[in-house]
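Just work16.csv here, CSV, C-alpha atoms and all ligand atoms:
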```
chain,number,residue,atom,x,y,z
A,1,MET,CA,13.4,-16.3,28.1
A,2,GLN,CA,16.2,-13.9,28.9
A,3,ILE,CA,19.3,-14.1,26.8
A,4,ILE,CA,22.2,-13.0,29.0
A,5,ARG,CA,25.9,-12.4,28.0
A,6,ASP,CA,27.5,-10.8,31.1
A,7,ILE,CA,28.1,-12.3,34.5
A,8,GLU,CA,26.7,-9.4,36.5
A,9,THR,CA,23.3,-9.6,34.7
A,10,LEU,CA,23.3,-13.4,35.0
A,11,ARG,CA,23.8,-13.2,38.8
A,12,GLU,CA,21.0,-10.7,39.3
A,13,ALA,CA,18.7,-12.8,37.1
A,14,VAL,CA,19.5,-16.0,38.9
A,15,VAL,CA,18.9,-14.3,42.3
A,16,ALA,CA,15.5,-13.2,41.0
A,17,LEU,CA,14.6,-16.8,39.8
A,18,LYS,CA,15.5,-18.2,43.2
A,19,GLN,CA,13.3,-15.8,45.1
A,20,GLY,CA,10.8,-17.6,47.4
A,21,GLY,CA,13.1,-20.6,47.7
A,22,LYS,CA,12.8,-21.7,44.0
A,23,SER,CA,15.4,-24.1,42.6
A,24,VAL,CA,17.4,-23.8,39.4
A,25,ALA,CA,18.7,-26.5,37.1
A,26,LEU,CA,21.6,-25.9,34.7
A,27,VAL,CA,21.9,-27.5,31.3
A,28,PRO,CA,25.3,-26.8,29.8
A,29,THR,CA,25.6,-27.2,26.0
A,30,MET,CA,27.7,-26.1,23.1
A,31,GLY,CA,24.6,-25.3,21.0
A,32,ALA,CA,23.6,-26.9,17.6
A,33,LEU,CA,20.8,-28.3,19.7
A,34,HIS,CA,19.0,-31.5,18.9
A,35,ASP,CA,16.4,-33.6,20.8
A,36,GLY,CA,19.0,-35.0,23.1
A,37,HIS,CA,19.8,-31.6,24.5
A,38,LEU,CA,16.1,-30.8,24.8
A,39,SER,CA,15.5,-34.0,26.8
A,40,LEU,CA,18.1,-32.6,29.3
A,41,VAL,CA,16.1,-29.4,29.5
A,42,ARG,CA,12.9,-31.4,30.1
A,43,MET,CA,14.7,-33.4,32.9
A,44,GLY,CA,15.9,-30.1,34.4
A,45,ARG,CA,12.4,-28.8,34.4
A,46,GLU,CA,11.1,-31.8,36.3
A,47,ALA,CA,14.0,-31.7,38.8
A,48,ALA,CA,13.8,-27.9,39.5
A,49,ASP,CA,11.5,-24.9,39.3
A,50,HIS,CA,13.6,-23.1,36.6
A,51,VAL,CA,16.1,-24.1,33.9
A,52,VAL,CA,19.1,-22.1,32.9
A,53,ALA,CA,20.6,-23.4,29.7
A,54,SER,CA,24.1,-22.4,28.6
A,55,ILE,CA,25.5,-22.2,25.1
A,56,PHE,CA,29.2,-21.9,24.9
A,57,VAL,CA,31.6,-23.5,22.4
A,58,ASN,CA,34.4,-23.9,24.8
A,59,PRO,CA,37.8,-23.4,23.0
A,60,THR,CA,39.8,-25.1,25.8
A,61,GLN,CA,38.2,-28.5,25.2
A,62,PHE,CA,39.2,-28.6,21.6
A,63,GLY,CA,42.7,-29.8,20.5
A,64,PRO,CA,44.7,-27.7,18.0
A,65,ASN,CA,43.7,-29.9,15.0
A,66,GLU,CA,40.0,-30.3,16.1
A,67,ASP,CA,36.8,-28.6,14.9
A,68,PHE,CA,36.5,-25.5,17.1
A,69,ALA,CA,36.2,-23.1,14.2
A,70,ALA,CA,33.9,-25.4,12.1
A,71,TYR,CA,31.7,-26.4,15.1
A,72,PRO,CA,28.1,-25.7,14.0
A,73,ARG,CA,26.6,-22.5,15.5
A,74,ASP,CA,23.1,-21.2,15.1
A,75,GLU,CA,22.1,-19.3,18.2
A,76,ALA,CA,18.7,-18.0,16.9
A,77,ARG,CA,17.5,-21.5,16.1
A,78,ASP,CA,18.8,-22.8,19.4
A,79,ALA,CA,17.2,-19.9,21.4
A,80,ALA,CA,13.8,-20.7,19.8
A,81,LEU,CA,14.1,-24.4,20.7
A,82,LEU,CA,15.0,-23.5,24.3
A,83,ARG,CA,12.2,-21.0,24.6
A,84,GLY,CA,9.8,-23.7,23.3
A,85,GLU,CA,10.9,-25.9,26.2
A,86,GLY,CA,10.2,-23.3,28.9
A,87,THR,CA,13.8,-22.3,29.6
A,88,ALA,CA,14.0,-19.3,31.8
A,89,ILE,CA,17.5,-18.0,30.9
A,90,LEU,CA,19.9,-18.7,28.0
A,91,TRP,CA,23.4,-17.9,29.3
A,92,ALA,CA,25.5,-17.3,26.2
A,93,PRO,CA,28.7,-15.5,27.1
A,94,ASP,CA,31.5,-14.9,24.5
A,95,VAL,CA,35.0,-16.3,24.9
A,96,ALA,CA,36.5,-13.0,26.3
A,97,THR,CA,33.9,-13.0,29.1
A,98,VAL,CA,34.6,-16.6,30.1
A,99,TYR,CA,38.4,-16.4,29.7
A,100,PRO,CA,39.5,-12.8,30.2
A,101,GLU,CA,43.1,-11.9,29.4
A,102,GLY,CA,45.5,-13.8,31.8
A,103,HIS,CA,43.0,-16.6,32.8
A,104,SER,CA,45.3,-19.3,34.1
A,105,SER,CA,43.6,-21.7,36.4
A,106,HIS,CA,42.3,-25.1,35.4
A,107,ILE,CA,40.9,-28.3,36.9
A,108,GLU,CA,42.1,-31.8,36.2
A,109,VAL,CA,40.2,-34.9,37.3
A,110,ALA,CA,43.3,-37.0,37.0
A,111,GLU,CA,42.1,-40.6,37.6
A,112,LEU,CA,39.1,-40.6,35.2
A,113,GLY,CA,40.4,-38.4,32.5
A,114,ALA,CA,43.5,-40.3,31.3
A,115,ASP,CA,42.0,-43.2,29.2
A,116,TYR,CA,39.4,-43.5,26.4
A,117,CYS,CA,38.6,-40.0,25.0
A,118,GLY,CA,41.2,-38.5,27.3
A,119,ALA,CA,43.9,-40.5,25.6
A,120,ALA,CA,42.7,-39.7,22.1
A,121,ARG,CA,42.1,-36.0,23.0
A,122,PRO,CA,44.9,-34.7,25.4
A,123,GLY,CA,43.7,-31.8,27.5
A,124,HIS,CA,40.0,-32.3,26.5
A,125,PHE,CA,38.7,-33.2,29.9
A,126,ASP,CA,40.7,-30.5,31.7
A,127,GLY,CA,38.9,-28.1,29.4
A,128,VAL,CA,35.5,-29.7,30.2
A,129,ALA,CA,36.1,-29.9,34.0
A,130,THR,CA,37.2,-26.3,34.1
A,131,ILE,CA,34.3,-24.9,32.1
A,132,VAL,CA,31.8,-26.9,34.0
A,133,ALA,CA,33.3,-25.7,37.4
A,134,LYS,CA,33.1,-22.1,36.0
A,135,LEU,CA,29.5,-22.6,34.9
A,136,PHE,CA,28.6,-23.9,38.4
A,137,ASN,CA,30.2,-20.8,40.0
A,138,GLN,CA,28.5,-18.5,37.4
A,139,VAL,CA,25.0,-19.9,37.6
A,140,GLN,CA,25.0,-21.5,41.1
A,141,PRO,CA,22.5,-24.1,40.2
A,142,ASP,CA,20.9,-26.6,42.6
A,143,VAL,CA,20.9,-29.3,39.9
A,144,ALA,CA,22.9,-29.8,36.7
A,145,VAL,CA,21.9,-32.2,33.9
A,146,PHE,CA,24.4,-34.0,31.6
A,147,GLY,CA,23.8,-36.7,29.0
A,148,GLU,CA,24.8,-40.3,29.3
A,149,LYS,CA,25.9,-40.0,25.7
A,150,ASP,CA,29.2,-38.6,27.0
A,151,TRP,CA,29.6,-41.3,29.7
A,152,GLN,CA,33.2,-40.5,30.6
A,153,GLN,CA,32.4,-36.8,30.8
A,154,LEU,CA,29.5,-37.5,33.1
A,155,ALA,CA,31.7,-39.7,35.4
A,156,ILE,CA,34.3,-36.9,35.5
A,157,ILE,CA,31.8,-34.2,36.4
A,158,ARG,CA,30.3,-36.4,39.1
A,159,ARG,CA,33.8,-36.9,40.6
A,160,MET,CA,34.7,-33.3,40.3
A,161,ALA,CA,31.5,-32.1,42.0
A,162,ARG,CA,32.2,-34.6,44.8
A,163,ASP,CA,35.9,-33.9,45.1
A,164,LEU,CA,35.5,-30.1,45.2
A,165,ASP,CA,32.3,-30.1,47.3
A,166,PHE,CA,30.1,-28.3,44.7
A,167,PRO,CA,26.6,-28.1,46.3
A,168,VAL,CA,25.1,-29.2,43.0
A,169,GLU,CA,23.2,-32.5,42.3
A,170,ILE,CA,24.3,-34.1,39.1
A,171,LEU,CA,21.7,-35.8,37.0
A,172,GLY,CA,22.4,-38.1,34.0
A,173,ALA,CA,19.9,-38.2,31.1
A,174,PRO,CA,19.5,-41.3,28.9
A,175,ILE,CA,21.0,-41.3,25.4
A,176,ALA,CA,18.6,-39.9,22.8
A,177,ARG,CA,18.9,-41.8,19.5
A,178,ASP,CA,17.7,-41.4,15.9
A,179,HIS,CA,15.3,-43.9,14.3
A,180,ASP,CA,18.2,-46.3,13.3
A,181,GLY,CA,19.9,-46.2,16.8
A,182,LEU,CA,22.6,-43.6,16.0
A,183,ALA,CA,23.1,-41.4,19.1
A,184,LEU,CA,22.0,-37.8,18.4
A,185,SER,CA,25.0,-35.5,18.2
A,186,SER,CA,25.7,-32.1,16.8
A,187,ARG,CA,28.6,-33.7,15.0
A,188,ASN,CA,26.3,-35.9,13.0
A,189,ALA,CA,25.8,-32.8,10.8
A,190,TYR,CA,29.3,-33.5,9.4
A,191,LEU,CA,28.3,-36.8,8.0
A,192,SER,CA,27.6,-37.2,4.2
A,193,ALA,CA,24.4,-39.1,3.3
A,194,GLU,CA,26.4,-42.2,2.7
A,195,GLU,CA,28.3,-41.9,6.0
A,196,ARG,CA,25.1,-41.2,7.9
A,197,LYS,CA,23.6,-44.4,6.6
A,198,ALA,CA,26.7,-46.4,7.4
A,199,ALA,CA,26.9,-44.9,10.9
A,200,ALA,CA,24.0,-47.1,12.2
A,201,ALA,CA,26.5,-50.0,12.3
A,202,PHE,CA,28.2,-48.4,15.3
A,203,PRO,CA,25.3,-48.5,17.8
A,204,ALA,CA,24.2,-51.9,16.4
A,205,ALA,CA,27.6,-53.4,17.1
A,206,LEU,CA,27.7,-52.0,20.6
A,207,GLN,CA,24.2,-53.3,21.4
A,208,GLN,CA,25.1,-56.8,20.1
A,209,ALA,CA,28.4,-56.9,22.1
A,210,ALA,CA,26.6,-55.7,25.3
A,211,ALA,CA,24.0,-58.4,24.9
A,212,ALA,CA,26.7,-61.0,24.2
A,213,ILE,CA,28.7,-60.0,27.3
A,214,ALA,CA,25.6,-59.9,29.5
A,215,GLY,CA,24.8,-63.4,28.3
A,216,GLY,CA,28.2,-64.7,29.3
A,217,ALA,CA,30.3,-64.4,26.1
A,218,ASP,CA,34.1,-63.9,26.4
A,219,VAL,CA,34.7,-60.1,26.7
A,220,GLY,CA,37.8,-60.0,24.4
A,221,LYS,CA,35.9,-61.9,21.7
A,222,ALA,CA,32.8,-59.8,22.0
A,223,LEU,CA,34.9,-56.6,21.6
A,224,ALA,CA,36.8,-58.0,18.7
A,225,ASP,CA,33.5,-59.0,16.9
A,226,ALA,CA,32.1,-55.5,17.5
A,227,GLU,CA,35.3,-53.9,16.2
A,228,ALA,CA,35.1,-56.1,13.0
A,229,ALA,CA,31.4,-55.2,12.5
A,230,ILE,CA,32.0,-51.5,12.9
A,231,LEU,CA,34.9,-51.5,10.3
A,232,ALA,CA,32.8,-53.8,8.0
A,233,GLY,CA,30.0,-51.3,8.3
A,234,GLY,CA,32.1,-48.5,6.7
A,235,PHE,CA,34.0,-46.9,9.6
A,236,ASP,CA,37.6,-46.1,8.9
A,237,SER,CA,39.1,-46.7,12.3
A,238,ILE,CA,38.3,-47.3,15.9
A,239,ASP,CA,39.8,-45.1,18.7
A,240,TYR,CA,38.8,-47.4,21.4
A,241,ILE,CA,36.2,-50.0,22.3
A,242,ALA,CA,36.3,-51.2,25.9
A,243,LEU,CA,34.3,-52.7,28.7
A,244,ALA,CA,34.6,-50.4,31.7
A,245,ASP,CA,33.5,-50.2,35.3
A,246,ALA,CA,30.5,-47.8,35.0
A,247,GLU,CA,31.7,-45.5,37.8
A,248,SER,CA,35.5,-45.9,38.2
A,249,LEU,CA,35.9,-46.4,34.4
A,250,GLU,CA,38.6,-49.1,35.1
A,251,ARG,CA,39.0,-51.4,32.1
A,252,LEU,CA,37.4,-54.8,32.7
A,253,GLN,CA,38.7,-58.0,31.0
A,254,GLN,CA,35.8,-59.9,32.6
A,255,TYR,CA,32.2,-58.8,33.0
A,256,ARG,CA,31.2,-57.7,36.5
A,257,PRO,CA,28.4,-55.2,37.1
A,258,PRO,CA,28.1,-52.2,37.0
A,259,ALA,CA,29.7,-52.1,33.6
A,260,ARG,CA,29.4,-50.0,30.5
A,261,LEU,CA,30.7,-50.5,26.9
A,262,LEU,CA,32.5,-47.3,25.8
A,263,ALA,CA,33.6,-46.6,22.2
A,264,ALA,CA,34.8,-44.0,19.8
A,265,ALA,CA,35.2,-44.6,16.0
A,266,ARG,CA,36.0,-42.5,12.9
A,267,ILE,CA,34.1,-42.4,9.7
A,268,GLY,CA,35.5,-40.0,7.1
A,269,LYS,CA,36.5,-36.8,8.9
A,270,THR,CA,34.0,-37.4,11.8
A,271,ARG,CA,34.7,-38.9,15.1
A,272,LEU,CA,31.7,-40.4,16.8
A,273,ILE,CA,31.4,-41.7,20.4
A,274,ASP,CA,28.7,-43.9,21.9
A,275,ASN,CA,28.3,-46.3,24.9
A,276,HIS,CA,25.9,-49.0,25.9
A,277,ALA,CA,24.6,-50.5,29.1
A,278,VAL,CA,25.6,-54.1,29.7
A,279,ASN,CA,22.6,-54.7,31.9
A,280,ALA,CA,19.4,-52.8,32.4
A,281,SER,CA,20.6,-50.6,35.2
A,282,TYR,CA,23.9,-49.5,33.7
A,301,LIG,P1,27.3,-30.8,23.7
A,301,LIG,O1,26.5,-29.7,23.2
A,301,LIG,O2,27.6,-31.9,22.7
A,301,LIG,O3,28.4,-30.4,24.6
A,301,LIG,O4,26.3,-31.6,24.7
A,301,LIG,C1,25.7,-30.9,25.8
A,301,LIG,C2,25.0,-31.9,26.7
A,301,LIG,O5,24.1,-32.7,26.0
A,301,LIG,C3,26.0,-32.9,27.3
A,301,LIG,O6,25.7,-33.2,28.7
A,301,LIG,C4,25.8,-34.1,26.4
A,301,LIG,O7,26.1,-35.4,27.1
A,301,LIG,C5,24.3,-34.0,26.2
A,301,LIG,N1,23.9,-34.8,25.0
A,301,LIG,C6,24.5,-34.7,23.7
A,301,LIG,N2,23.9,-35.6,22.9
A,301,LIG,C7,23.0,-36.3,23.6
A,301,LIG,C8,22.2,-37.4,23.3
A,301,LIG,N3,22.1,-37.9,22.1
A,301,LIG,N4,21.4,-37.9,24.3
A,301,LIG,C9,21.5,-37.3,25.6
A,301,LIG,N5,22.3,-36.3,25.9
A,301,LIG,C10,23.0,-35.8,24.9
```

Reformat the file's structure so that it appears as structure tokens.
Ligand code: AMP
Amino acid sequence: MQIIRDIETLREAVVALKQGGKSVALVPTMGALHDGHLSLVRMGREAADHVVASIFVNPTQFGPNEDFAAYPRDEARDAALLRGEGTAILWAPDVATVYPEGHSSHIEVAELGADYCGAARPGHFDGVATIVAKLFNQVQPDVAVFGEKDWQQLAIIRRMARDLDFPVEILGAPIARDHDGLALSSRNAYLSAEERKAAAAFPAALQQAAAAIAGGADVGKALADAEAAILAGGFDSIDYIALADAESLERLQQYRPPARLLAAARIGKTRLIDNHAVNASY
């Protein structure tokens, strides 16, 4: 696996990978890799001949009071994990390479970015859309793999690729979960042992609400019950919990497929997100 930090070397290496008509899958990450990330690499390897993974903790998607400086970083460990999965290239540029002095363009996917995490984290999805568009231009992949764990992000990237005619197929990978159902996340490392134990209440409440809604329960009541269960389980607050159209992300007061439950909640200093299918296909 080549570890590359400048765009010129990256372009040459990707051209070499694509020789003979071979395809390339991109797996963008912010590092601190766990099995969820590695499942994306595996999906990329199935979908394409070669995988390029990127590690870049993108400053423009963090708010001023968020955890950019504290975000966990361990490139040597991450590189070993990626190598073990057969990754061809690790693209790991620094901030000055990605955002040279005077960088002033950005992408906003207006319709899908306003609610949910977009409301709680102003500017976050502009930062995400912009870095993903830049990664597409840098790597020029045939396929790019993103996790369903970040459902709103995945919807935004699909829309951006469609709106801006990126010739990239977007694949969504199922949520990788820990033994007790908690979605794997680099931010789980922030949880104390006690918080980590309590955090299982979050996916459990979403799963229960999804089953209730699919079974015909009143949506407002199912969401209120889930909220109560999450708070009773030890969470301090809930940013949002909503039933949404799985593609347009429009809030739904009544169940109609395809729908997805979306939620974000805070425990101690940590903000966790999760989502759940309301029927088998979404
Ligand atoms: P991050 O490093 O958190 O920016 O995540 C990089 C990619 O991994 C994104 O496409 C995420 O949606 C995906 N991802 C993170 N956690 C999981 C998980 N538990 N299951 C599946 N995909 C995930």

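Near ligand LIG 301 (chain A), at distances of 6 Å or less and with all atoms listed in the file counted, sit the residues A:Pro28, A:Thr29, A:Met30, A:Gly31, A:Gly36, A:His37, A:Phe146, A:Gly147, A:Glu148, A:Lys149, A:Asp150, A:Ala173, A:Pro174, A:Ile175, A:Ala176, A:Arg177, A:Ala183, A:Leu184, A:Ser185.
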
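Excluding Thr130 in chain A itself and same-chain residues fewer than 3 positions from it, the residues having an atom within 6 Å of it are His106, Ile107, Asp126, Gly127 and Ala133 of chain A, counting only C-alpha atoms.
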
task = Kindly indicate which residue among A:Ala32, A:Ala264, A:Ala13, A:Ala204 lies nearest to Ala189 in chain A, using only C-alpha atoms for the distances.
result = A:Ala32

query = Quick one: residues within 8 Å of Leu17 in chain A, all atoms listed in the file counted, chain neighbours fewer than 6 positions away excluded, as an MDAnalysis selection string?
reply = chainID A and resid 23:24 50

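Here CA of Leu154 in chain A and CA of Gly172 in chain A stand 7.2 Å from one another.
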
Would you write out, as CSV, a table of all residues in range 154-229 of chain A that have an atom no more than 10 Å from an atom of range 65-87 of chain A, listing for each the closest atom pair and the distance in Å to one decimal, considering only C-alpha atoms and ordering rows by chain and rising residue number?
```
residue,atom,partner,partner_atom,distance
A:Ser186,CA,A:Pro72,CA,7.4
A:Arg187,CA,A:Tyr71,CA,7.9
A:Ala189,CA,A:Pro72,CA,8.1
A:Tyr190,CA,A:Pro72,CA,9.1
```

ask   = Could you pull the residues within 9 Å of range 237-254 of chain A, counting all atoms listed in the file, minus those fewer than 4 positions along the same chain, as a PyMOL selection string?
value = chain A and resi 111-112+115-117+120+151-152+155+206+210+213+218-220+223-224+226-227+230-231+258-267+271+277-278+282

inquiry  = Between CA of Glu12 in chain A and CA of Pro141 in chain A, what is the distance in Å, rounded to a tenth?
reply    = 13.5 Å

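Relative to CA of Gly20 in chain A, CA of Val51 in chain A is found at 15.9 Å.
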
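For the choices A:Gly268, A:Asp180, A:Pro59, A:Val143, the atom-to-atom distance to Glu194 in chain A is smallest for A:Gly268 when using only C-alpha atoms.
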
For range 169-180 of chain A, what centre and edge lengths in Å (one decimal) does the axis-aligned box get once 3 Å is added on each side of all its listed atoms, as JSON?
```
{"center_x": 19.8, "center_y": -39.4, "center_z": 27.8, "size_x": 15.0, "size_y": 19.8, "size_z": 35.0}
```

ask   = For Val95 in chain A, which residue among A:Arg5, A:Arg256, A:Lys221, A:Arg45 is the nearest when counting all atoms listed in the file?
value = A:Arg5

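Restricting the calculation to all atoms listed in the file, the smallest distance between Ala53 in chain A and any of A:Ala228, A:Ala144, A:Ala199, A:Val128 is found for A:Ala144.
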
message = Taking 4 positions as the minimum chain separation for residues in the same chain, which residues sit within 6 Å of range 91-93 of chain A when counting all atoms listed in the file? Answer as a ChimeraX atom specification.
response = /A:4-5,54-55

Nearest to Gln140 in chain A, chosen from A:Phe166, A:Tyr255, A:Phe56, A:Phe235, with all atoms listed in the file counted in the distances = A:Phe166

task = Excluding Ala229 in chain A and residues on its chain fewer than 6 positions from it, collect all residues at most 9 Å away from it, counting all atoms listed in the file, and give them as a PyMOL selection string.
result = chain A and resi 201-202+204-205

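Using all atoms listed in the file, the smallest distance between any of A:Val139, A:Lys269, A:Ala48, A:Ile3 and Leu191 in chain A comes from A:Lys269.
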